[in-house]
file coords.tsv (TSV, C-alpha atoms)
chain	number	residue	atom	x	y	z
Z	302	MET	CA	-7.28	-21.62	20.35
Z	303	GLN	CA	-7.00	-17.87	20.83
Z	304	THR	CA	-10.05	-15.63	20.59
Z	305	LEU	CA	-9.81	-12.60	18.32
Z	306	SER	CA	-10.80	-9.13	19.44
Z	307	SER	CA	-13.91	-7.55	18.01
Z	308	SER	CA	-11.70	-4.84	16.44
Z	309	LEU	CA	-9.61	-7.43	14.57
Z	310	ILE	CA	-12.72	-9.32	13.44
Z	311	PHE	CA	-14.14	-6.01	12.18
Z	312	PHE	CA	-10.96	-5.37	10.12
Z	313	MET	CA	-11.05	-8.90	8.71
Z	314	ASN	CA	-14.70	-8.47	7.72
Z	315	LEU	CA	-13.95	-5.02	6.28
Z	316	ALA	CA	-11.11	-6.43	4.15
Z	317	LYS	CA	-13.37	-9.24	2.94
Z	318	ALA	CA	-16.17	-6.81	2.11
Z	319	GLN	CA	-13.77	-4.45	0.32
Z	320	THR	CA	-12.49	-7.27	-1.87
Z	321	VAL	CA	-15.98	-8.52	-2.76
Z	322	ILE	CA	-17.31	-5.00	-3.38
Z	323	SER	CA	-14.32	-4.04	-5.52
Z	324	ARG	CA	-14.67	-7.17	-7.65
Z	325	ARG	CA	-18.42	-6.65	-8.10
Z	326	LEU	CA	-17.92	-2.97	-8.95
Z	327	ASP	CA	-15.26	-3.93	-11.50
Z	328	TRP	CA	-17.85	-6.22	-13.10
Z	329	ALA	CA	-20.68	-3.65	-12.81
Z	330	LEU	CA	-18.61	-0.89	-14.38
Z	331	GLY	CA	-17.78	-3.15	-17.30
Z	332	TRP	CA	-15.10	-1.33	-19.26
Z	333	ILE	CA	-13.06	0.16	-16.40
Z	334	SER	CA	-12.04	-1.06	-12.96
Z	335	PHE	CA	-13.29	0.51	-9.76
Z	336	SER	CA	-9.78	1.91	-9.15
Z	337	GLU	CA	-9.83	3.56	-12.58
Z	338	PHE	CA	-13.28	4.94	-11.78
Z	339	VAL	CA	-11.96	6.49	-8.56
Z	340	ILE	CA	-9.06	8.05	-10.50
Z	341	LEU	CA	-11.42	9.48	-13.12
Z	342	PHE	CA	-13.72	10.91	-10.48
Z	343	THR	CA	-10.82	12.38	-8.49
Z	344	LEU	CA	-9.45	14.10	-11.60
Z	345	SER	CA	-12.94	15.37	-12.49
Z	346	VAL	CA	-13.11	17.36	-9.25
Z	347	ALA	CA	-9.47	18.53	-9.32
Z	348	PRO	CA	-8.64	22.10	-10.41
Z	349	ASP	CA	-8.45	22.17	-14.21
Z	350	ASN	CA	-9.04	18.38	-14.14
Z	351	LYS	CA	-5.35	17.67	-13.60
Z	352	LEU	CA	-3.00	16.59	-10.83
Z	353	LYS	CA	0.61	15.53	-10.34
Z	354	ARG	CA	0.86	11.74	-10.21
Z	355	ILE	CA	2.01	11.77	-6.58
Z	356	ASP	CA	-0.88	14.06	-5.59
Z	357	LEU	CA	-3.32	11.79	-7.42
Z	358	ALA	CA	-1.87	8.76	-5.64
Z	359	ASN	CA	-2.28	10.44	-2.27
Z	360	LYS	CA	-5.88	11.42	-3.00
Z	361	VAL	CA	-6.90	7.90	-4.04
Z	362	TRP	CA	-4.88	6.20	-1.26
Z	363	LEU	CA	-2.71	4.17	-3.64
Z	364	THR	CA	1.04	4.13	-4.12
Z	365	ALA	CA	2.51	6.27	-6.88
Z	366	SER	CA	3.78	3.16	-8.67
Z	367	TRP	CA	0.33	1.55	-8.54
Z	368	VAL	CA	-1.26	4.71	-9.95
Z	369	THR	CA	1.33	4.73	-12.74
Z	370	ARG	CA	0.39	1.11	-13.58
Z	371	LEU	CA	-3.29	2.05	-13.66
Z	372	LEU	CA	-2.75	5.15	-15.79
Z	373	TRP	CA	-0.98	3.36	-18.66
Z	374	PRO	CA	-4.09	1.46	-19.89
Z	375	MET	CA	-6.21	4.53	-19.16
Z	376	GLU	CA	-3.98	6.51	-21.52
Z	377	LYS	CA	-4.33	3.82	-24.18
Z	378	ILE	CA	-8.13	4.15	-24.18
Z	379	TRP	CA	-7.98	7.96	-24.06
Z	380	LEU	CA	-9.37	8.54	-20.59
Z	381	VAL	CA	-6.32	10.44	-19.38
Z	382	SER	CA	-3.21	11.95	-20.88
Z	383	ARG	CA	0.08	13.43	-19.69
Z	384	GLU	CA	0.91	17.07	-19.65
Z	385	THR	CA	4.44	18.23	-19.02
Z	386	ASN	CA	4.99	20.92	-16.48
Z	387	GLU	CA	6.46	24.05	-18.08
Z	388	LYS	CA	8.34	24.95	-14.90
Z	389	ASP	CA	9.80	21.49	-14.23
Z	390	ALA	CA	10.15	18.99	-17.09
Z	391	ARG	CA	10.64	16.14	-14.58
Z	392	VAL	CA	7.11	16.62	-13.28
Z	393	SER	CA	4.29	15.44	-15.48
Z	394	LEU	CA	0.65	16.04	-14.78
Z	395	VAL	CA	-2.21	13.62	-15.28
Z	396	ILE	CA	-5.05	15.30	-17.13
Z	397	LEU	CA	-8.44	14.08	-18.24
Z	398	ALA	CA	-8.56	13.42	-21.97
Z	399	PRO	CA	-11.31	14.79	-24.24
Z	400	GLY	CA	-14.53	12.82	-23.96
Z	401	TRP	CA	-13.98	11.88	-20.32
Z	402	LYS	CA	-17.17	13.51	-19.06
Z	403	ARG	CA	-19.59	11.25	-20.94
Z	404	LYS	CA	-17.58	8.18	-19.95
Z	405	LEU	CA	-17.50	9.21	-16.29
Z	406	GLU	CA	-21.25	9.93	-16.27
Z	407	GLU	CA	-21.90	6.44	-17.65
Z	408	ALA	CA	-19.61	4.90	-15.03
Z	409	ILE	CA	-21.31	6.86	-12.22
Z	410	GLU	CA	-24.70	5.68	-13.45
Z	411	ARG	CA	-23.54	2.03	-13.38
Z	412	ALA	CA	-21.87	2.42	-9.96
Z	413	GLU	CA	-24.95	4.12	-8.50
Z	414	PHE	CA	-27.16	1.32	-9.82
Z	415	PHE	CA	-24.87	-1.24	-8.16
Z	416	ALA	CA	-24.88	0.70	-4.88
Z	417	GLU	CA	-28.66	1.07	-4.82
Z	418	GLU	CA	-29.10	-2.64	-5.58
Z	419	THR	CA	-26.60	-3.64	-2.92
Z	420	VAL	CA	-27.68	-1.52	0.05
Z	421	SER	CA	-31.23	-2.04	1.25
Z	422	PRO	CA	-33.35	1.10	1.80
Z	423	GLU	CA	-33.56	0.42	5.54
Z	424	ASP	CA	-29.74	0.36	5.79
Z	425	VAL	CA	-29.13	3.61	3.88
Z	426	GLY	CA	-29.38	5.67	7.08
Z	427	LYS	CA	-26.57	3.62	8.65
Z	428	LEU	CA	-24.16	4.44	5.83
Z	429	TRP	CA	-23.24	7.92	7.08
Z	430	GLU	CA	-22.49	6.56	10.54
Z	431	MET	CA	-20.34	3.80	9.06
Z	432	SER	CA	-18.59	6.27	6.74
Z	433	ASP	CA	-17.77	8.50	9.70
Z	434	LEU	CA	-16.34	5.53	11.60
Z	435	LEU	CA	-14.21	4.47	8.62
Z	436	ILE	CA	-12.87	8.02	8.20
Z	437	LYS	CA	-12.04	8.15	11.91
Z	438	ILE	CA	-10.22	4.80	11.73
Z	439	GLY	CA	-8.36	5.90	8.58
Z	440	LYS	CA	-7.18	9.10	10.23
Z	441	ALA	CA	-6.03	7.20	13.33
Z	442	ILE	CA	-3.99	4.82	11.19
Z	443	VAL	CA	-2.44	7.55	9.03
Z	444	TRP	CA	-1.48	9.75	11.96
Z	445	ASN	CA	-0.05	6.94	14.14
call {"tool": "encode", "arguments": {"input": "coords.tsv", "output": "structure tokens"}}
result
Amino acid sequence: MQTLSSSLIFFMNLAKAQTVISRRLDWALGWISFSEFVILFTLSVAPDNKLKRIDLANKVWLTASWVTRLLWPMEKIWLVSRETNEKDARVSLVILAPGWKRKLEEAIERAEFFAEETVSPEDVGKLWEMSDLLIKIGKAIVWN
């Protein structure tokens, strides 16, 4: 039987951890998924709280079609809405709907509680190092 490299084992463990964390965050957030949370947060820090769908997709590292699928239920529960572009009718913008701020604050509170419960205080210092490594790996993959 072939032995796997430590890099491949790391990616397998990372994928496993991402799946488990995403599922648990979906449960912890309650009324929205973790992906929807990321979309809300990304729009909250965007200029005028709006972005083109393709720009939103690029910022949250999802495909444009996946973002479109996520936005439909978010529109139904009045988290986001569409705004047509006056200069180009083919381009619609995603904009945060009224009342988003309170909902996002609640979601952040729940996500923070989950994060604090999940990561032990002695491991908190390691998070920045791990985040830097993940960013470095992500950039290497995107630019190759």
call {"tool": "residues_around", "arguments": {"input": "coords.tsv", "residues": "segment 380-384 of chain Z", "least_positions_apart": "5", "cutoff": "8 Å", "atoms": "only C-alpha atoms", "output": "MDAnalysis selection string"}}
result
chainID Z and resid 341 372 375 393:401
call {"tool": "residues_around", "arguments": {"input": "coords.tsv", "residues": "Lys360 of chain Z", "least_positions_apart": "4", "cutoff": "10 Å", "atoms": "only C-alpha atoms", "output": "MDAnalysis selection string"}}
result
chainID Z and resid 339:340 343:344 352 354:356
call {"tool": "residues_around", "arguments": {"input": "coords.tsv", "residues": "segment 436-443 of chain Z", "least_positions_apart": "3", "cutoff": "12 Å", "atoms": "only C-alpha atoms", "output": "ChimeraX atom specification"}}
result
/Z:308,311-312,315,359,362,429-433
call {"tool": "atom_distance", "arguments": {"input": "coords.tsv", "atom1": "atom CA of Asn386 of chain Z", "atom2": "atom CA of Leu363 of chain Z"}}
result
22.5 Å
call {"tool": "closest_residue", "arguments": {"input": "coords.tsv", "among": "Z:Arg411, Z:Lys427, Z:Lys351, Z:Lys402", "to": "Ala329 of chain Z", "atoms": "all atoms listed in the file"}}
result
Z:Arg411
call {"tool": "atom_distance", "arguments": {"input": "coords.tsv", "atom1": "atom CA of Leu405 of chain Z", "atom2": "atom CA of Ile378 of chain Z"}}
result
13.3 Å
call {"tool": "closest_residue", "arguments": {"input": "coords.tsv", "among": "Z:Phe415, Z:Met313, Z:Ser366, Z:Leu434", "to": "Trp328 of chain Z", "atoms": "all atoms listed in the file"}}
result
Z:Phe415
call {"tool": "closest_residue", "arguments": {"input": "coords.tsv", "among": "Z:Glu337, Z:Ala416, Z:Asn314, Z:Gly426", "to": "Pro374 of chain Z", "atoms": "all atoms listed in the file"}}
result
Z:Glu337
call {"tool": "closest_residue", "arguments": {"input": "coords.tsv", "among": "Z:Ile322, Z:Thr419, Z:Ser307, Z:Glu406", "to": "Ser334 of chain Z", "atoms": "only C-alpha atoms"}}
result
Z:Ile322
call {"tool": "closest_residue", "arguments": {"input": "coords.tsv", "among": "Z:Val420, Z:Ile409, Z:Leu435, Z:Val361", "to": "Ile333 of chain Z", "atoms": "all atoms listed in the file"}}
result
Z:Ile409
call {"tool": "closest_residue", "arguments": {"input": "coords.tsv", "among": "Z:Phe414, Z:Leu428, Z:Glu387, Z:Pro422", "to": "Leu330 of chain Z", "atoms": "all atoms listed in the file"}}
result
Z:Phe414
call {"tool": "build_atoms", "arguments": {"input": "coords.tsv", "residues": "segment 368-389 of chain Z", "atoms": "N, CA and C atoms", "output": "PDB file, in the coordinates of the input"}}
result
ATOM      1  N   VAL Z 368      -0.536   3.746  -9.114  1.00  0.00           N
ATOM      2  CA  VAL Z 368      -1.260   4.710  -9.950  1.00  0.00           C
ATOM      3  C   VAL Z 368      -0.653   4.745 -11.343  1.00  0.00           C
ATOM      4  N   THR Z 369       0.672   4.727 -11.434  1.00  0.00           N
ATOM      5  CA  THR Z 369       1.330   4.730 -12.740  1.00  0.00           C
ATOM      6  C   THR Z 369       0.914   3.503 -13.550  1.00  0.00           C
ATOM      7  N   ARG Z 370       0.832   2.333 -12.899  1.00  0.00           N
ATOM      8  CA  ARG Z 370       0.390   1.110 -13.580  1.00  0.00           C
ATOM      9  C   ARG Z 370      -1.054   1.231 -14.061  1.00  0.00           C
ATOM     10  N   LEU Z 371      -1.886   1.878 -13.278  1.00  0.00           N
ATOM     11  CA  LEU Z 371      -3.290   2.050 -13.660  1.00  0.00           C
ATOM     12  C   LEU Z 371      -3.450   3.068 -14.792  1.00  0.00           C
ATOM     13  N   LEU Z 372      -2.604   4.080 -14.797  1.00  0.00           N
ATOM     14  CA  LEU Z 372      -2.750   5.150 -15.790  1.00  0.00           C
ATOM     15  C   LEU Z 372      -2.372   4.711 -17.198  1.00  0.00           C
ATOM     16  N   TRP Z 373      -1.426   3.773 -17.326  1.00  0.00           N
ATOM     17  CA  TRP Z 373      -0.980   3.360 -18.660  1.00  0.00           C
ATOM     18  C   TRP Z 373      -2.147   2.863 -19.514  1.00  0.00           C
ATOM     19  N   PRO Z 374      -2.952   1.889 -19.055  1.00  0.00           N
ATOM     20  CA  PRO Z 374      -4.090   1.460 -19.890  1.00  0.00           C
ATOM     21  C   PRO Z 374      -5.147   2.557 -20.047  1.00  0.00           C
ATOM     22  N   MET Z 375      -5.254   3.430 -19.062  1.00  0.00           N
ATOM     23  CA  MET Z 375      -6.210   4.530 -19.160  1.00  0.00           C
ATOM     24  C   MET Z 375      -5.788   5.511 -20.259  1.00  0.00           C
ATOM     25  N   GLU Z 376      -4.483   5.666 -20.432  1.00  0.00           N
ATOM     26  CA  GLU Z 376      -3.980   6.510 -21.520  1.00  0.00           C
ATOM     27  C   GLU Z 376      -4.260   5.860 -22.871  1.00  0.00           C
ATOM     28  N   LYS Z 377      -4.112   4.540 -22.928  1.00  0.00           N
ATOM     29  CA  LYS Z 377      -4.330   3.820 -24.180  1.00  0.00           C
ATOM     30  C   LYS Z 377      -5.767   3.944 -24.685  1.00  0.00           C
ATOM     31  N   ILE Z 378      -6.725   4.035 -23.754  1.00  0.00           N
ATOM     32  CA  ILE Z 378      -8.130   4.150 -24.180  1.00  0.00           C
ATOM     33  C   ILE Z 378      -8.618   5.597 -24.070  1.00  0.00           C
ATOM     34  N   TRP Z 379      -7.712   6.523 -24.010  1.00  0.00           N
ATOM     35  CA  TRP Z 379      -7.980   7.960 -24.060  1.00  0.00           C
ATOM     36  C   TRP Z 379      -8.897   8.484 -22.957  1.00  0.00           C
ATOM     37  N   LEU Z 380      -8.666   7.975 -21.740  1.00  0.00           N
ATOM     38  CA  LEU Z 380      -9.370   8.540 -20.590  1.00  0.00           C
ATOM     39  C   LEU Z 380      -8.548   9.641 -19.951  1.00  0.00           C
ATOM     40  N   VAL Z 381      -7.231   9.445 -19.944  1.00  0.00           N
ATOM     41  CA  VAL Z 381      -6.320  10.440 -19.380  1.00  0.00           C
ATOM     42  C   VAL Z 381      -5.150  10.636 -20.337  1.00  0.00           C
ATOM     43  N   SER Z 382      -4.434  11.716 -20.119  1.00  0.00           N
ATOM     44  CA  SER Z 382      -3.210  11.950 -20.880  1.00  0.00           C
ATOM     45  C   SER Z 382      -2.203  12.625 -19.964  1.00  0.00           C
ATOM     46  N   ARG Z 383      -0.989  12.773 -20.463  1.00  0.00           N
ATOM     47  CA  ARG Z 383       0.080  13.430 -19.690  1.00  0.00           C
ATOM     48  C   ARG Z 383       0.261  14.843 -20.209  1.00  0.00           C
ATOM     49  N   GLU Z 384       0.584  15.693 -19.292  1.00  0.00           N
ATOM     50  CA  GLU Z 384       0.910  17.070 -19.650  1.00  0.00           C
ATOM     51  C   GLU Z 384       2.196  17.421 -18.931  1.00  0.00           C
ATOM     52  N   THR Z 385       3.180  17.869 -19.656  1.00  0.00           N
ATOM     53  CA  THR Z 385       4.440  18.230 -19.020  1.00  0.00           C
ATOM     54  C   THR Z 385       4.302  19.582 -18.332  1.00  0.00           C
ATOM     55  N   ASN Z 386       4.996  19.703 -17.250  1.00  0.00           N
ATOM     56  CA  ASN Z 386       4.990  20.920 -16.480  1.00  0.00           C
ATOM     57  C   ASN Z 386       6.012  21.885 -17.085  1.00  0.00           C
ATOM     58  N   GLU Z 387       5.568  23.068 -17.450  1.00  0.00           N
ATOM     59  CA  GLU Z 387       6.460  24.050 -18.080  1.00  0.00           C
ATOM     60  C   GLU Z 387       7.599  24.479 -17.156  1.00  0.00           C
ATOM     61  N   LYS Z 388       7.332  24.500 -15.853  1.00  0.00           N
ATOM     62  CA  LYS Z 388       8.340  24.950 -14.900  1.00  0.00           C
ATOM     63  C   LYS Z 388       9.354  23.858 -14.549  1.00  0.00           C
ATOM     64  N   ASP Z 389       8.912  22.592 -14.593  1.00  0.00           N
ATOM     65  CA  ASP Z 389       9.800  21.490 -14.230  1.00  0.00           C
ATOM     66  C   ASP Z 389       9.495  20.304 -15.138  1.00  0.00           C
TER      67      ASP Z 389
END
